[in-house]
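Take a look at the structure set out below.
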Amino acid sequence: KNQVEQSPQSLIILEGKNCTLQCNYTVSPFSNLRWYKQDTGRGPVSLTIMTFSENTKSNGRYTATLDADTKQSSLHITASQLSDSASYICVVSVGTGRRALTFGSGTRLQVQP
Amino acid sequence: EAGVTQFPSHSVIEKGQTVTLRCDPISGHDNLYWYRRVMGKEIKFLLHFVKESKQDESGMPNNRFLAERTGGTYSTLKVQPAELEDSGVYFCASSQGLGGGYEQYFGPGTRLTVT
């Protein structure tokens, strides 16, 4: 069964601090891995997309890593801001034919002043 | 450029009633997806349209759910009759093409509450 597991479920950090969110997946065949940010009451917004051959991808203060061998990914947020408070969802795309996305349950991040 | 829009933003209906959700994708996006998140669970795939054709409807939970995309533009998702377990947030997404290079853009979702 294709699964995406994220940790921690929730996280509270102080403004200006860094944090790292984890994602493990068992999806096969793997096509790509995405990190989404979802603000309360809004739809998910893509932060990064990585294919099998990519190890690291950055988008501003967000840096995602991918280890396709161990099927693990991480999202590192640098110098957090209050606006980073949101749910961060790891999403894996299954290859060959079906193009739907398999979602993790997300990490709820709260940045406090 | 307008993003993906969904209507209504929130719907409250009684068990046994019918509800129709609407999604307007980004103009020019042939691919349209429906997803939903039920309470406490992760977002799950429902179905995928390419233009007006259903490419994959393997995620549709049962025959009480009917999705259409006449003319290949906007899409509707009808739930008839609604059950309590249908409560959740229904997301629509669209993409220009398939594959990892194409981003799926999500709408804000429709929160459905069945009482």
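Ligands are numbered from 1 in the order shown, chains are lettered A, B, ... in the order of the structure tokens, and residues start at 1 in each chain.
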
Based on only C-alpha atoms, which of the residues in chain A come within 9 Å of chain B? I want them as a ChimeraX atom specification.
/A:31-33,41-46,49-51,93,95,98-106

Polymer residues at most 9 Å from A:Ala68, only C-alpha atoms, same-chain spacing of 4 or more positions, as a PyMOL selection string
chain A and resi 30+52-55+72-73

Selection to disk with N, CA, C and O atoms, as a short mmCIF file (atom, residue, chain, number, x, y, z; two decimals), in the first residue's frame:
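The new file result_30.cif reads:
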```
data_model
loop_
_atom_site.label_atom_id
_atom_site.label_comp_id
_atom_site.auth_asym_id
_atom_site.auth_seq_id
_atom_site.Cartn_x
_atom_site.Cartn_y
_atom_site.Cartn_z
N PHE A 30 7.91 5.41 -7.83
CA PHE A 30 8.06 6.80 -7.46
C PHE A 30 8.22 7.67 -8.70
O PHE A 30 8.96 7.34 -9.62
N PHE A 52 13.39 11.84 -8.95
CA PHE A 52 14.25 10.78 -8.41
C PHE A 52 15.72 11.19 -8.35
O PHE A 52 16.44 10.86 -7.42
N SER A 53 16.15 11.93 -9.34
CA SER A 53 17.58 12.25 -9.46
C SER A 53 18.01 13.49 -8.68
O SER A 53 19.20 13.81 -8.61
N GLU A 54 17.06 14.19 -8.08
CA GLU A 54 17.39 15.41 -7.36
C GLU A 54 17.54 15.14 -5.87
O GLU A 54 16.70 14.47 -5.27
N ASN A 55 18.58 15.68 -5.27
CA ASN A 55 18.83 15.48 -3.85
C ASN A 55 18.39 16.68 -3.01
O ASN A 55 18.00 16.51 -1.86
N GLN A 72 13.30 8.83 1.95
CA GLN A 72 13.10 9.85 2.98
C GLN A 72 13.29 11.23 2.38
O GLN A 72 14.10 11.42 1.47
N SER A 73 12.54 12.17 2.91
CA SER A 73 12.68 13.56 2.50
C SER A 73 12.58 14.44 3.74
O SER A 73 12.00 14.04 4.75
#
```

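Considering only stretch 64-105 of chain A, backbone DSSP assigns strand (DSSP E) to Ala64, Thr65, Leu66, Asp67, Gln72, Ser73, Ser74, Leu75, His76, Ile77, Ala86, Ser87, Tyr88, Ile89, Cys90, Val91, Val92, Ser93, Val94, Leu101, Thr102 and Phe103 of chain A.
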
Pick from A:Leu75, A:Cys19, A:Ile13, A:Val27 nearest to A:Ile89, counting only C-alpha atoms:
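When distances to A:Ile89 are compared using only C-alpha atoms, the smallest one comes from A:Leu75.
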
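Between atom CA of B:Thr20 and atom CA of B:Asn63 there is a distance of 14.5 Å.
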
What is the atom CA of A:Trp35 to atom CA of A:Ala64 distance in Å?
7.8 Å
